[in-house]
Amino acid sequence: MIYNFITIEGCIGAGKTTLSKRIAADYNGKLILEQFEDNPFLPKFYEDPTRHAFPVELFFMAERFQHLKKLLSEADIFKSFTVSDFLFQKSLIFANQNLNDNEAKLYRMLFDIINPSLPKPDITLYLYAPVEKLLQNIKNRGRDYEQNITGDYLEKIQNAYLEYFKLQTHSRIVLLNTTNLNYIDLKKDYEFVVDVLNTEFDFGLHYV
């Protein structure tokens with residue numbers, strides 16, 4: 001891999017964790033995964049978003065901070081690069097959609113304190129998928145607490161990602177349309193994704 005730190009992002013159900021695991025295994029990468037199942041507020045959030053949005057987002061931000069801080073302090077000489085299945089900035093993206101104004105303001109204050117101290121990816125690959133595909137993927141993986149996620153919510157989150165990425169002029173962001181890709185089962189599709197990650201991109205948002 002030509003990049004030292006790769007982040008695979010995507011909306012809920014996009015397949016970012018599966019792809020991150022495979023790339024790390026195939027190319028001797030250090031893997032950093034978001035441990036969403038450790039968040040005790042997540043099932044409660046999907047039952048009552050208004051009541052549990054702030055603790056669920058605060059927990060996620062603290063956990064992402066711990067993972068990335070560990071990456072900064074513990075070099076692994078036996079791994080050639082690092083791949084993660086989350087972007088720290090997703091904390092802000094989700095918070096802006098899920099929190100009320102006062103909560104979002106406090107959250108942003110905490111985010112701005114933490115963010116400058118963390119390593120930034122050399123490239124972010126965003127797995128774009130239509131909402132229908134995301135819903136099907138969520139259904140197929142069968143997590144009970146996710147089954148009430150609506151298409152409207154997924155569309156709102158995905159649009160928030162895209163609006164955020166359009167403003168990032170000092171980062172390499174590649175939006176990969178996965179509508180007709182099956183990089184899990186088809187070797188040629190997987191190799192196409194790997195080729196994208198081995199392409200030199202300028203800063204800014206790129207569409208593939």
# chains A, B, ... in the order shown; residues from 1 in each chain; ligands from 1
>>> residues_around(residues="Asn177 of chain A", least_positions_apart="6", cutoff="10 Å", atoms="only C-alpha atoms", output="PyMOL selection string")
chain A and resi 126-130+207-208
>>> write_last_selection(atoms="N, CA and C atoms", output="JSON list (two decimals), in the first residue's frame")
[["chain", "number", "residue", "atom", "x", "y", "z"],
["A", 126, "TYR", "N", -14.53, 6.40, 1.03],
["A", 126, "TYR", "CA", -15.92, 6.36, 1.45],
["A", 126, "TYR", "C", -16.70, 5.42, 0.54],
["A", 127, "LEU", "N", -17.31, 4.41, 1.13],
["A", 127, "LEU", "CA", -18.09, 3.42, 0.38],
["A", 127, "LEU", "C", -19.52, 3.92, 0.23],
["A", 128, "TYR", "N", -19.81, 4.48, -0.94],
["A", 128, "TYR", "CA", -21.15, 4.98, -1.20],
["A", 128, "TYR", "C", -22.04, 3.84, -1.69],
["A", 129, "ALA", "N", -23.21, 3.70, -1.07],
["A", 129, "ALA", "CA", -24.20, 2.71, -1.50],
["A", 129, "ALA", "C", -25.58, 3.33, -1.40],
["A", 130, "PRO", "N", -26.47, 3.00, -2.32],
["A", 130, "PRO", "CA", -27.84, 3.52, -2.22],
["A", 130, "PRO", "C", -28.51, 3.01, -0.96],
["A", 207, "TYR", "N", -14.19, 11.21, -7.07],
["A", 207, "TYR", "CA", -15.27, 10.26, -7.31],
["A", 207, "TYR", "C", -14.77, 9.12, -8.20],
["A", 208, "VAL", "N", -15.04, 7.88, -7.80],
["A", 208, "VAL", "CA", -14.61, 6.71, -8.57],
["A", 208, "VAL", "C", -15.82, 5.82, -8.85]]
>>> select_by_dssp(residues="chain A", states="strand (DSSP E or B)", output="number ranges by chain")
A: 5-10, 29-32, 81-84, 123-128, 172-177, 204-207
>>> write_last_selection(atoms="N, CA and C atoms", output="PDB file, in the first residue's frame")
ATOM      1  N   PHE A   5      -1.609   5.330   6.378  1.00  0.00           N
ATOM      2  CA  PHE A   5      -2.792   5.283   7.234  1.00  0.00           C
ATOM      3  C   PHE A   5      -4.021   5.445   6.347  1.00  0.00           C
ATOM      4  N   ILE A   6      -4.780   4.362   6.221  1.00  0.00           N
ATOM      5  CA  ILE A   6      -5.982   4.321   5.380  1.00  0.00           C
ATOM      6  C   ILE A   6      -7.212   4.215   6.266  1.00  0.00           C
ATOM      7  N   THR A   7      -8.220   5.012   5.948  1.00  0.00           N
ATOM      8  CA  THR A   7      -9.505   4.896   6.640  1.00  0.00           C
ATOM      9  C   THR A   7     -10.584   4.495   5.635  1.00  0.00           C
ATOM     10  N   ILE A   8     -11.339   3.471   5.997  1.00  0.00           N
ATOM     11  CA  ILE A   8     -12.490   3.042   5.202  1.00  0.00           C
ATOM     12  C   ILE A   8     -13.739   3.546   5.907  1.00  0.00           C
ATOM     13  N   GLU A   9     -14.495   4.397   5.253  1.00  0.00           N
ATOM     14  CA  GLU A   9     -15.713   4.937   5.856  1.00  0.00           C
ATOM     15  C   GLU A   9     -16.930   4.574   5.006  1.00  0.00           C
ATOM     16  N   GLY A  10     -18.096   4.849   5.566  1.00  0.00           N
ATOM     17  CA  GLY A  10     -19.338   4.576   4.872  1.00  0.00           C
ATOM     18  C   GLY A  10     -20.493   4.711   5.837  1.00  0.00           C
ATOM     19  N   GLY A  29      -1.544  -5.310   7.212  1.00  0.00           N
ATOM     20  CA  GLY A  29      -1.851  -4.026   7.812  1.00  0.00           C
ATOM     21  C   GLY A  29      -2.254  -4.140   9.273  1.00  0.00           C
ATOM     22  N   LYS A  30      -1.952  -3.110  10.017  1.00  0.00           N
ATOM     23  CA  LYS A  30      -2.444  -3.017  11.392  1.00  0.00           C
ATOM     24  C   LYS A  30      -3.899  -2.571  11.340  1.00  0.00           C
ATOM     25  N   LEU A  31      -4.767  -3.285  12.021  1.00  0.00           N
ATOM     26  CA  LEU A  31      -6.208  -3.064  11.921  1.00  0.00           C
ATOM     27  C   LEU A  31      -6.751  -2.377  13.164  1.00  0.00           C
ATOM     28  N   ILE A  32      -7.505  -1.301  12.950  1.00  0.00           N
ATOM     29  CA  ILE A  32      -8.167  -0.605  14.050  1.00  0.00           C
ATOM     30  C   ILE A  32      -9.666  -0.577  13.747  1.00  0.00           C
ATOM     31  N   PHE A  81       1.408  -0.855   7.175  1.00  0.00           N
ATOM     32  CA  PHE A  81       0.517   0.301   7.151  1.00  0.00           C
ATOM     33  C   PHE A  81      -0.600   0.055   8.158  1.00  0.00           C
ATOM     34  N   THR A  82      -1.471   1.044   8.335  1.00  0.00           N
ATOM     35  CA  THR A  82      -2.620   0.933   9.245  1.00  0.00           C
ATOM     36  C   THR A  82      -3.902   1.174   8.470  1.00  0.00           C
ATOM     37  N   VAL A  83      -4.918   0.384   8.764  1.00  0.00           N
ATOM     38  CA  VAL A  83      -6.240   0.598   8.172  1.00  0.00           C
ATOM     39  C   VAL A  83      -7.282   0.595   9.291  1.00  0.00           C
ATOM     40  N   SER A  84      -8.167   1.573   9.255  1.00  0.00           N
ATOM     41  CA  SER A  84      -9.240   1.659  10.256  1.00  0.00           C
ATOM     42  C   SER A  84     -10.590   1.702   9.555  1.00  0.00           C
ATOM     43  N   ILE A 123      -5.462   8.835   3.478  1.00  0.00           N
ATOM     44  CA  ILE A 123      -6.553   8.754   2.512  1.00  0.00           C
ATOM     45  C   ILE A 123      -7.783   8.162   3.199  1.00  0.00           C
ATOM     46  N   THR A 124      -8.941   8.684   2.851  1.00  0.00           N
ATOM     47  CA  THR A 124     -10.213   8.143   3.330  1.00  0.00           C
ATOM     48  C   THR A 124     -10.994   7.636   2.130  1.00  0.00           C
ATOM     49  N   LEU A 125     -11.363   6.357   2.167  1.00  0.00           N
ATOM     50  CA  LEU A 125     -12.189   5.760   1.120  1.00  0.00           C
ATOM     51  C   LEU A 125     -13.611   5.654   1.644  1.00  0.00           C
ATOM     52  N   TYR A 126     -14.527   6.399   1.025  1.00  0.00           N
ATOM     53  CA  TYR A 126     -15.923   6.363   1.453  1.00  0.00           C
ATOM     54  C   TYR A 126     -16.698   5.424   0.541  1.00  0.00           C
ATOM     55  N   LEU A 127     -17.310   4.405   1.134  1.00  0.00           N
ATOM     56  CA  LEU A 127     -18.089   3.419   0.383  1.00  0.00           C
ATOM     57  C   LEU A 127     -19.521   3.920   0.230  1.00  0.00           C
ATOM     58  N   TYR A 128     -19.808   4.478  -0.940  1.00  0.00           N
ATOM     59  CA  TYR A 128     -21.155   4.981  -1.197  1.00  0.00           C
ATOM     60  C   TYR A 128     -22.040   3.839  -1.686  1.00  0.00           C
ATOM     61  N   ARG A 172      -7.254  13.768   1.536  1.00  0.00           N
ATOM     62  CA  ARG A 172      -7.555  12.945   0.363  1.00  0.00           C
ATOM     63  C   ARG A 172      -8.784  12.108   0.670  1.00  0.00           C
ATOM     64  N   ILE A 173      -9.857  12.349  -0.059  1.00  0.00           N
ATOM     65  CA  ILE A 173     -11.099  11.610   0.153  1.00  0.00           C
ATOM     66  C   ILE A 173     -11.564  11.061  -1.186  1.00  0.00           C
ATOM     67  N   VAL A 174     -11.785   9.762  -1.234  1.00  0.00           N
ATOM     68  CA  VAL A 174     -12.236   9.101  -2.458  1.00  0.00           C
ATOM     69  C   VAL A 174     -13.609   8.495  -2.202  1.00  0.00           C
ATOM     70  N   LEU A 175     -14.583   8.941  -2.976  1.00  0.00           N
ATOM     71  CA  LEU A 175     -15.928   8.408  -2.871  1.00  0.00           C
ATOM     72  C   LEU A 175     -16.074   7.297  -3.909  1.00  0.00           C
ATOM     73  N   LEU A 176     -16.219   6.062  -3.436  1.00  0.00           N
ATOM     74  CA  LEU A 176     -16.322   4.892  -4.297  1.00  0.00           C
ATOM     75  C   LEU A 176     -17.778   4.444  -4.376  1.00  0.00           C
ATOM     76  N   ASN A 177     -18.355   4.497  -5.552  1.00  0.00           N
ATOM     77  CA  ASN A 177     -19.742   4.063  -5.751  1.00  0.00           C
ATOM     78  C   ASN A 177     -19.773   2.538  -5.797  1.00  0.00           C
ATOM     79  N   GLY A 204      -8.443  16.742  -1.585  1.00  0.00           N
ATOM     80  CA  GLY A 204      -9.790  17.073  -2.058  1.00  0.00           C
ATOM     81  C   GLY A 204     -10.632  15.829  -2.222  1.00  0.00           C
ATOM     82  N   LEU A 205     -11.813  16.017  -2.762  1.00  0.00           N
ATOM     83  CA  LEU A 205     -12.784  14.930  -2.931  1.00  0.00           C
ATOM     84  C   LEU A 205     -12.722  14.407  -4.352  1.00  0.00           C
ATOM     85  N   HIS A 206     -12.615  13.088  -4.480  1.00  0.00           N
ATOM     86  CA  HIS A 206     -12.535  12.428  -5.780  1.00  0.00           C
ATOM     87  C   HIS A 206     -13.650  11.384  -5.886  1.00  0.00           C
ATOM     88  N   TYR A 207     -14.191  11.215  -7.075  1.00  0.00           N
ATOM     89  CA  TYR A 207     -15.269  10.255  -7.310  1.00  0.00           C
ATOM     90  C   TYR A 207     -14.768   9.124  -8.197  1.00  0.00           C
TER      91      TYR A 207
END
>>> atom_distance(atom1="atom CA of Glu191 of chain A", atom2="atom CA of Ala14 of chain A")
17.8 Å
>>> closest_atom_pairs(of="segment 94-203 of chain A", to="segment 39-63 of chain A", cutoff="9 Å", atoms="only C-alpha atoms", output="CSV")
residue,atom,partner,partner_atom,distance
A:Phe94,CA,A:Glu57,CA,7.5
A:Ala95,CA,A:Glu57,CA,6.3
A:Asn98,CA,A:Ala53,CA,6.0
A:Leu99,CA,A:Ala53,CA,6.1
A:Asn100,CA,A:Thr50,CA,8.4
A:Glu103,CA,A:Phe54,CA,6.9
A:Ala104,CA,A:Phe54,CA,8.5
A:Tyr107,CA,A:Leu58,CA,7.6
A:Phe111,CA,A:Met61,CA,8.0
A:Asp144,CA,A:Pro43,CA,8.6
A:Tyr145,CA,A:Pro43,CA,5.2
A:Glu146,CA,A:Tyr46,CA,7.2
A:Asn148,CA,A:Tyr46,CA,7.2
A:Ile149,CA,A:Tyr46,CA,7.3
>>> atom_distance(atom1="atom CA of His170 of chain A", atom2="atom CA of Asn102 of chain A")
29.1 Å
>>> closest_residue(among="A:Thr169, A:Gln158, A:Gln147, A:Ser80", to="Ile2 of chain A", atoms="only C-alpha atoms")
A:Ser80
>>> closest_residue(among="A:Ser171, A:Cys11, A:Gly151, A:Ile157", to="Leu135 of chain A", atoms="only C-alpha atoms")
A:Gly151
>>> atom_distance(atom1="atom CA of Lys70 of chain A", atom2="atom CA of Gly15 of chain A")
24.2 Å
>>> closest_residue(among="A:Glu74, A:Asp185, A:Lys79, A:Gln66", to="Met1 of chain A", atoms="only C-alpha atoms")
A:Lys79
>>> residues_around(residues="Phe192 of chain A", least_positions_apart="2", cutoff="12 Å", atoms="only C-alpha atoms", output="list of chain:residue names")
A:Leu176, A:Asn177, A:Thr178, A:Leu181, A:Asn182, A:Tyr183, A:Ile184, A:Leu186, A:Lys187, A:Lys188, A:Asp189, A:Tyr190, A:Val194, A:Asp195, A:Val196, A:Leu197, A:Asn198, A:Thr199, A:Val208
>>> write_last_selection(atoms="N, CA and C atoms", output="short mmCIF file (atom, residue, chain, number, x, y, z; two decimals), in the first residue's frame")
data_model
loop_
_atom_site.label_atom_id
_atom_site.label_comp_id
_atom_site.auth_asym_id
_atom_site.auth_seq_id
_atom_site.Cartn_x
_atom_site.Cartn_y
_atom_site.Cartn_z
N LEU A 176 -16.22 6.06 -3.44
CA LEU A 176 -16.32 4.89 -4.30
C LEU A 176 -17.78 4.44 -4.38
N ASN A 177 -18.35 4.50 -5.55
CA ASN A 177 -19.74 4.06 -5.75
C ASN A 177 -19.77 2.54 -5.80
N THR A 178 -20.36 1.92 -4.77
CA THR A 178 -20.37 0.46 -4.66
C THR A 178 -21.68 -0.15 -5.15
N LEU A 181 -20.79 -2.98 -7.29
CA LEU A 181 -19.59 -3.70 -6.88
C LEU A 181 -19.92 -4.75 -5.84
N ASN A 182 -19.24 -5.88 -5.92
CA ASN A 182 -19.35 -6.92 -4.89
C ASN A 182 -17.93 -7.35 -4.53
N TYR A 183 -17.25 -6.51 -3.72
CA TYR A 183 -15.86 -6.76 -3.39
C TYR A 183 -15.71 -7.85 -2.32
N ILE A 184 -16.82 -8.35 -1.81
CA ILE A 184 -16.77 -9.45 -0.85
C ILE A 184 -16.63 -10.78 -1.57
N LEU A 186 -16.50 -11.16 -5.28
CA LEU A 186 -15.88 -11.13 -6.60
C LEU A 186 -14.44 -10.61 -6.51
N LYS A 187 -13.51 -11.42 -6.94
CA LYS A 187 -12.09 -11.07 -6.85
C LYS A 187 -11.77 -9.81 -7.65
N LYS A 188 -12.34 -9.71 -8.84
CA LYS A 188 -12.03 -8.56 -9.70
C LYS A 188 -12.51 -7.25 -9.06
N ASP A 189 -13.66 -7.30 -8.39
CA ASP A 189 -14.15 -6.10 -7.72
C ASP A 189 -13.27 -5.73 -6.53
N TYR A 190 -12.83 -6.74 -5.79
CA TYR A 190 -11.94 -6.49 -4.66
C TYR A 190 -10.62 -5.91 -5.15
N VAL A 194 -8.64 -2.32 -4.25
CA VAL A 194 -7.23 -2.25 -3.84
C VAL A 194 -6.45 -1.32 -4.77
N ASP A 195 -6.74 -1.41 -6.06
CA ASP A 195 -6.07 -0.52 -7.02
C ASP A 195 -6.38 0.95 -6.72
N VAL A 196 -7.62 1.23 -6.35
CA VAL A 196 -7.99 2.60 -5.99
C VAL A 196 -7.15 3.08 -4.80
N LEU A 197 -6.97 2.20 -3.82
CA LEU A 197 -6.19 2.57 -2.64
C LEU A 197 -4.70 2.68 -2.91
N ASN A 198 -4.27 2.19 -4.06
CA ASN A 198 -2.87 2.32 -4.46
C ASN A 198 -2.69 3.36 -5.55
N THR A 199 -3.65 4.26 -5.66
CA THR A 199 -3.58 5.36 -6.61
C THR A 199 -3.20 6.64 -5.88
N VAL A 208 -15.04 7.88 -7.80
CA VAL A 208 -14.61 6.71 -8.57
C VAL A 208 -15.82 5.82 -8.85
#
>>> closest_residue(among="A:Glu163, A:Glu34, A:Asp26, A:Asp202", to="Asp85 of chain A", atoms="only C-alpha atoms")
A:Glu34
>>> closest_residue(among="A:Thr17, A:Glu200, A:Lys90, A:Asn140", to="Tyr161 of chain A", atoms="only C-alpha atoms")
A:Lys90
>>> select_by_dssp(residues="segment 7-179 of chain A", states="helix (DSSP H, G or I)", output="short mmCIF file (atom, residue, chain, number, x, y, z; two decimals) with C-alpha atoms, in the first residue's frame")
data_model
loop_
_atom_site.label_atom_id
_atom_site.label_comp_id
_atom_site.auth_asym_id
_atom_site.auth_seq_id
_atom_site.Cartn_x
_atom_site.Cartn_y
_atom_site.Cartn_z
CA LYS A 16 -16.53 -0.85 5.85
CA THR A 17 -15.53 -3.27 8.61
CA THR A 18 -15.54 -6.31 6.33
CA LEU A 19 -13.40 -4.53 3.74
CA SER A 20 -10.99 -3.16 6.37
CA LYS A 21 -10.44 -6.63 7.82
CA ARG A 22 -9.74 -8.16 4.42
CA ILE A 23 -7.30 -5.47 3.34
CA ALA A 24 -5.41 -5.68 6.65
CA ALA A 25 -5.19 -9.46 6.41
CA ASP A 26 -4.15 -9.56 2.75
CA PHE A 36 -19.70 -0.42 18.40
CA GLU A 37 -20.98 -3.46 20.30
CA ASP A 38 -19.28 -2.13 23.45
CA LEU A 42 -26.65 2.06 21.23
CA PRO A 43 -29.67 -0.29 21.53
CA LYS A 44 -31.36 2.31 23.74
CA PHE A 45 -30.63 5.02 21.16
CA TYR A 46 -32.49 3.16 18.42
CA GLU A 47 -35.45 2.73 20.79
CA PRO A 49 -33.10 8.58 19.97
CA THR A 50 -34.00 11.84 21.67
CA ARG A 51 -33.27 10.57 25.16
CA HIS A 52 -30.09 8.61 24.43
CA ALA A 53 -28.42 10.51 21.58
CA PHE A 54 -25.96 12.46 23.72
CA PRO A 55 -24.56 9.53 25.74
CA VAL A 56 -24.32 7.29 22.67
CA GLU A 57 -22.36 9.92 20.72
CA LEU A 58 -20.16 10.81 23.69
CA PHE A 59 -19.29 7.14 24.24
CA PHE A 60 -18.38 6.71 20.56
CA MET A 61 -16.17 9.79 20.55
CA ALA A 62 -14.32 8.67 23.69
CA GLU A 63 -13.77 5.20 22.26
CA ARG A 64 -12.54 6.49 18.88
CA PHE A 65 -10.17 8.81 20.71
CA GLN A 66 -8.73 5.92 22.71
CA HIS A 67 -8.16 3.80 19.59
CA LEU A 68 -6.43 6.57 17.64
CA LYS A 69 -4.37 7.72 20.61
CA LYS A 70 -3.14 4.15 20.99
CA LEU A 71 -2.16 4.14 17.31
CA LEU A 72 -0.10 7.28 17.85
CA SER A 73 1.74 5.90 20.85
CA LYS A 90 -17.70 10.90 11.96
CA SER A 91 -18.30 11.76 15.62
CA LEU A 92 -19.17 15.29 14.57
CA ILE A 93 -21.15 14.16 11.52
CA PHE A 94 -23.44 11.93 13.57
CA ALA A 95 -23.67 14.35 16.48
CA ASN A 96 -24.84 17.17 14.23
CA GLN A 97 -27.68 14.98 13.01
CA ASN A 98 -28.70 13.40 16.31
CA ASP A 101 -28.63 22.54 19.52
CA ASN A 102 -27.31 22.84 23.08
CA GLU A 103 -25.98 19.28 23.11
CA ALA A 104 -24.35 19.75 19.71
CA LYS A 105 -22.63 22.93 20.88
CA LEU A 106 -21.16 21.19 23.95
CA TYR A 107 -20.18 18.18 21.85
CA ARG A 108 -18.39 20.41 19.36
CA MET A 109 -16.41 22.04 22.17
CA LEU A 110 -15.18 18.63 23.32
CA PHE A 111 -14.47 17.53 19.76
CA ASP A 112 -12.37 20.63 19.06
CA ILE A 113 -10.27 19.96 22.17
CA ILE A 114 -9.57 16.34 21.18
CA ASN A 115 -9.30 16.39 17.39
CA PRO A 116 -5.98 18.29 16.92
CA SER A 117 -4.06 15.70 18.94
CA VAL A 131 -30.15 3.43 0.77
CA GLU A 132 -31.92 0.31 -0.49
CA LYS A 133 -28.63 -1.59 -0.48
CA LEU A 134 -27.75 -0.32 2.99
CA LEU A 135 -31.11 -1.47 4.34
CA GLN A 136 -30.65 -4.91 2.80
CA ASN A 137 -27.16 -5.23 4.27
CA ILE A 138 -28.47 -4.23 7.70
CA LYS A 139 -31.23 -6.80 7.42
CA ASN A 140 -28.81 -9.53 6.31
CA ARG A 141 -26.38 -9.06 9.20
CA ASP A 144 -31.70 -6.88 16.43
CA TYR A 145 -31.24 -3.28 17.56
CA GLU A 146 -30.55 -2.12 13.98
CA GLY A 151 -34.23 4.69 5.09
CA ASP A 152 -34.81 8.34 5.90
CA TYR A 153 -32.27 8.19 8.72
CA LEU A 154 -29.67 6.49 6.51
CA GLU A 155 -30.21 9.06 3.77
CA LYS A 156 -29.79 11.88 6.28
CA ILE A 157 -26.51 10.44 7.56
CA GLN A 158 -25.16 9.73 4.09
CA ASN A 159 -25.97 13.27 2.93
CA ALA A 160 -24.22 14.65 6.01
CA TYR A 161 -21.08 12.70 5.12
CA LEU A 162 -21.13 14.02 1.57
CA GLU A 163 -21.64 17.62 2.64
CA TYR A 164 -18.75 17.31 5.09
CA PHE A 165 -16.42 15.80 2.50
CA LYS A 166 -17.10 18.58 0.01
#
